[in-house]
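Undergrad: This one is target.cif, mmCIF, C-alpha atoms.
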```cif
data_structure
loop_
_atom_site.group_PDB
_atom_site.id
_atom_site.type_symbol
_atom_site.label_atom_id
_atom_site.label_comp_id
_atom_site.auth_asym_id
_atom_site.auth_seq_id
_atom_site.Cartn_x
_atom_site.Cartn_y
_atom_site.Cartn_z
ATOM 1 C CA MET A 1 0.000 0.000 0.000
ATOM 2 C CA THR A 2 1.325 3.451 -0.848
ATOM 3 C CA THR A 3 1.086 6.283 1.623
ATOM 4 C CA PRO A 4 1.132 9.916 0.482
ATOM 5 C CA ALA A 5 2.724 12.481 2.764
ATOM 6 C CA GLY A 6 -0.562 13.996 3.986
ATOM 7 C CA GLY A 7 -2.621 10.895 4.770
ATOM 8 C CA PHE A 8 -3.322 7.420 3.530
ATOM 9 C CA GLY A 9 -3.601 6.014 0.068
ATOM 10 C CA LEU A 10 -4.759 2.877 -1.655
ATOM 11 C CA ALA A 11 -2.718 0.459 -3.670
ATOM 12 C CA ASP A 12 -3.200 0.752 -7.407
ATOM 13 C CA ASP A 13 -5.053 -2.536 -7.900
ATOM 14 C CA PRO A 14 -8.144 -1.804 -5.723
ATOM 15 C CA VAL A 15 -8.457 1.682 -7.222
ATOM 16 C CA VAL A 16 -8.250 0.326 -10.779
ATOM 17 C CA GLN A 17 -10.781 -2.396 -9.940
ATOM 18 C CA ALA A 18 -13.173 0.153 -8.425
ATOM 19 C CA LYS A 19 -12.828 2.477 -11.423
ATOM 20 C CA ASN A 20 -13.452 -0.419 -13.819
ATOM 21 C CA LYS A 21 -16.559 -1.485 -11.893
ATOM 22 C CA ILE A 22 -17.920 2.073 -11.913
ATOM 23 C CA MET A 23 -17.354 2.334 -15.665
ATOM 24 C CA GLU A 24 -18.979 -1.089 -16.228
ATOM 25 C CA THR A 25 -21.964 0.070 -14.157
ATOM 26 C CA GLY A 26 -22.225 3.273 -16.195
ATOM 27 C CA ASN A 27 -22.187 1.299 -19.432
ATOM 28 C CA ALA A 28 -24.854 -1.080 -18.095
ATOM 29 C CA VAL A 29 -27.040 1.854 -17.019
ATOM 30 C CA THR A 30 -26.723 3.397 -20.478
ATOM 31 C CA ARG A 31 -27.562 0.090 -22.189
ATOM 32 C CA GLN A 32 -30.604 -0.428 -19.948
ATOM 33 C CA ALA A 33 -31.778 3.166 -20.463
ATOM 34 C CA ARG A 34 -31.618 2.621 -24.230
ATOM 35 C CA GLU A 35 -33.589 -0.624 -23.901
ATOM 36 C CA LEU A 36 -36.230 1.155 -21.808
ATOM 37 C CA ALA A 37 -36.333 3.984 -24.348
ATOM 38 C CA ASP A 38 -36.962 1.453 -27.119
ATOM 39 C CA ILE A 39 -39.737 -0.169 -25.080
ATOM 40 C CA LEU A 40 -41.356 3.210 -24.391
ATOM 41 C CA ALA A 41 -41.090 4.163 -28.075
ATOM 42 C CA THR A 42 -42.634 0.866 -29.151
ATOM 43 C CA CYS A 43 -45.473 1.138 -26.634
ATOM 44 C CA GLY A 44 -46.062 4.801 -27.368
ATOM 45 C CA ALA A 45 -46.136 4.318 -31.156
ATOM 46 C CA GLY A 46 -49.673 2.950 -31.092
ATOM 47 C CA TRP A 47 -51.101 5.593 -28.790
ATOM 48 C CA THR A 48 -52.509 9.005 -29.604
ATOM 49 C CA GLY A 49 -53.676 11.897 -27.498
ATOM 50 C CA VAL A 50 -53.174 11.744 -23.731
ATOM 51 C CA GLY A 51 -51.711 8.241 -23.880
ATOM 52 C CA ALA A 52 -48.997 9.346 -26.299
ATOM 53 C CA ALA A 53 -48.179 12.320 -24.094
ATOM 54 C CA GLY A 54 -47.687 9.980 -21.126
ATOM 55 C CA PHE A 55 -45.129 7.898 -23.021
ATOM 56 C CA LYS A 56 -43.299 11.023 -24.221
ATOM 57 C CA SER A 57 -43.250 12.359 -20.666
ATOM 58 C CA ALA A 58 -41.893 9.042 -19.388
ATOM 59 C CA GLN A 59 -39.165 9.108 -22.055
ATOM 60 C CA SER A 60 -38.164 12.621 -21.069
ATOM 61 C CA GLN A 61 -38.009 11.674 -17.380
ATOM 62 C CA LEU A 62 -36.038 8.521 -18.214
ATOM 63 C CA ASN A 63 -33.473 10.658 -20.046
ATOM 64 C CA GLU A 64 -33.187 13.012 -17.067
ATOM 65 C CA ASP A 65 -32.830 10.094 -14.639
ATOM 66 C CA HIS A 66 -30.126 8.564 -16.828
ATOM 67 C CA ASP A 67 -28.237 11.866 -16.928
ATOM 68 C CA THR A 68 -28.412 12.096 -13.129
ATOM 69 C CA ILE A 69 -27.125 8.559 -12.652
ATOM 70 C CA ARG A 70 -24.275 9.112 -15.107
ATOM 71 C CA ARG A 71 -23.342 12.397 -13.386
ATOM 72 C CA LEU A 72 -23.289 10.695 -9.968
ATOM 73 C CA LEU A 73 -21.205 7.829 -11.334
ATOM 74 C CA GLY A 74 -18.789 10.440 -12.719
ATOM 75 C CA VAL A 75 -18.498 12.022 -9.280
ATOM 76 C CA LEU A 76 -17.920 8.588 -7.768
ATOM 77 C CA LEU A 77 -15.290 7.749 -10.380
ATOM 78 C CA HIS A 78 -13.475 11.003 -9.652
ATOM 79 C CA ALA A 79 -13.702 10.408 -5.897
ATOM 80 C CA VAL A 80 -12.267 6.901 -6.213
ATOM 81 C CA GLY A 81 -9.381 8.314 -8.209
ATOM 82 C CA GLU A 82 -8.822 11.005 -5.606
ATOM 83 C CA THR A 83 -8.658 8.462 -2.757
ATOM 84 C CA LYS A 84 -5.371 7.314 -4.263
ATOM 85 C CA ASN A 85 -3.841 10.499 -2.880
ATOM 86 C CA LEU A 86 -6.296 11.154 -0.069
ATOM 87 C CA SER A 87 -5.307 13.556 2.649
ATOM 88 C CA ASN A 88 -7.274 15.742 5.026
ATOM 89 C CA ALA A 89 -6.990 18.561 2.487
ATOM 90 C CA ASN A 90 -8.671 16.844 -0.454
ATOM 91 C CA ASP A 91 -10.935 14.660 1.691
ATOM 92 C CA GLU A 92 -13.177 17.708 2.105
ATOM 93 C CA ASP A 93 -13.110 18.292 -1.671
ATOM 94 C CA VAL A 94 -14.366 14.735 -2.227
ATOM 95 C CA ARG A 95 -17.143 15.224 0.355
ATOM 96 C CA ARG A 96 -18.187 18.512 -1.277
ATOM 97 C CA ALA A 97 -18.310 16.856 -4.702
ATOM 98 C CA PHE A 98 -20.753 14.253 -3.392
ATOM 99 C CA ALA A 99 -22.819 16.884 -1.578
ATOM 100 C CA SER A 100 -22.974 19.007 -4.720
ATOM 101 C CA ALA A 101 -24.040 16.070 -6.869
ATOM 102 C CA ASN A 102 -26.683 15.116 -4.319
ATOM 103 C CA THR A 103 -28.287 18.567 -4.351
ATOM 104 C CA ASN A 104 -28.755 18.267 -8.112
ATOM 105 C CA THR A 105 -30.903 15.139 -7.791
ATOM 106 C CA THR A 106 -34.590 14.852 -7.049
ATOM 107 C CA SER A 107 -35.637 14.887 -3.407
ATOM 108 C CA ASP A 108 -38.303 12.268 -4.110
ATOM 109 C CA ASN A 109 -36.485 8.957 -3.582
ATOM 110 C CA ASN A 110 -39.401 6.999 -5.067
ATOM 111 C CA HIS A 111 -39.392 8.942 -8.345
ATOM 112 C CA SER A 112 -39.202 7.004 -11.584
ATOM 113 C CA ALA A 113 -39.700 7.844 -15.218
ATOM 114 C CA LEU A 114 -42.307 5.105 -15.316
ATOM 115 C CA ASN A 115 -44.447 6.730 -12.590
ATOM 116 C CA SER A 116 -45.946 9.095 -15.161
ATOM 117 C CA ILE A 117 -47.335 6.341 -17.394
#
```
Using structure tokens, write down the structure that the file contains.
TA:
Amino acid sequence: MTTPAGGFGLADDPVVQAKNKIMETGNAVTRQARELADILATCGAGWTGVGAAGFKSAQSQLNEDHDTIRRLLGVLLHAVGETKNLSNANDEDVRRAFASANTNTTSDNNHSALNSI
């Protein structure tokens, strides 16, 4: 394990593994969001009027949810990278990054793009 002057650090292998897992998760989220978008488009294709609007609204919300998840995964990826050189000085920066990302998300923890269908 490597130890920077100001604090503790992680060996390269766990950091690389964590980064890889975060990137794999991001790719899986993107793939699943695309699959859901295709399902919504297929279902919405046969509807008109209010029904069609519900599917379009769900698609829009799905896109926003996907963007939020990807942004949070980006913050997490950055934070994992920063733990390699973690010290008391940048520990607060990592905490602020998570707090900032959290304030940009919805306060309704049970919110889903599919709730509007």
Undergrad: Any idea what the distance is between CA of Asp65 in chain A and CA of Gly44 in chain A?
TA: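 Distance reported for this atom pair: 19.1 Å.
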Undergrad: Check what the PyMOL selection byres ((chain A and resi 71-79) around 9) selects in the file above and give those residues as a ChimeraX atom specification.
TA: /A:18-19,22-23,25-26,66-70,80-83,93-95,97-98,101-102
Undergrad: Mind giving me the straight-line distance from CA of Leu36 in chain A to CA of Gln59 in chain A in Å, one decimal?
TA: 8.5 Å
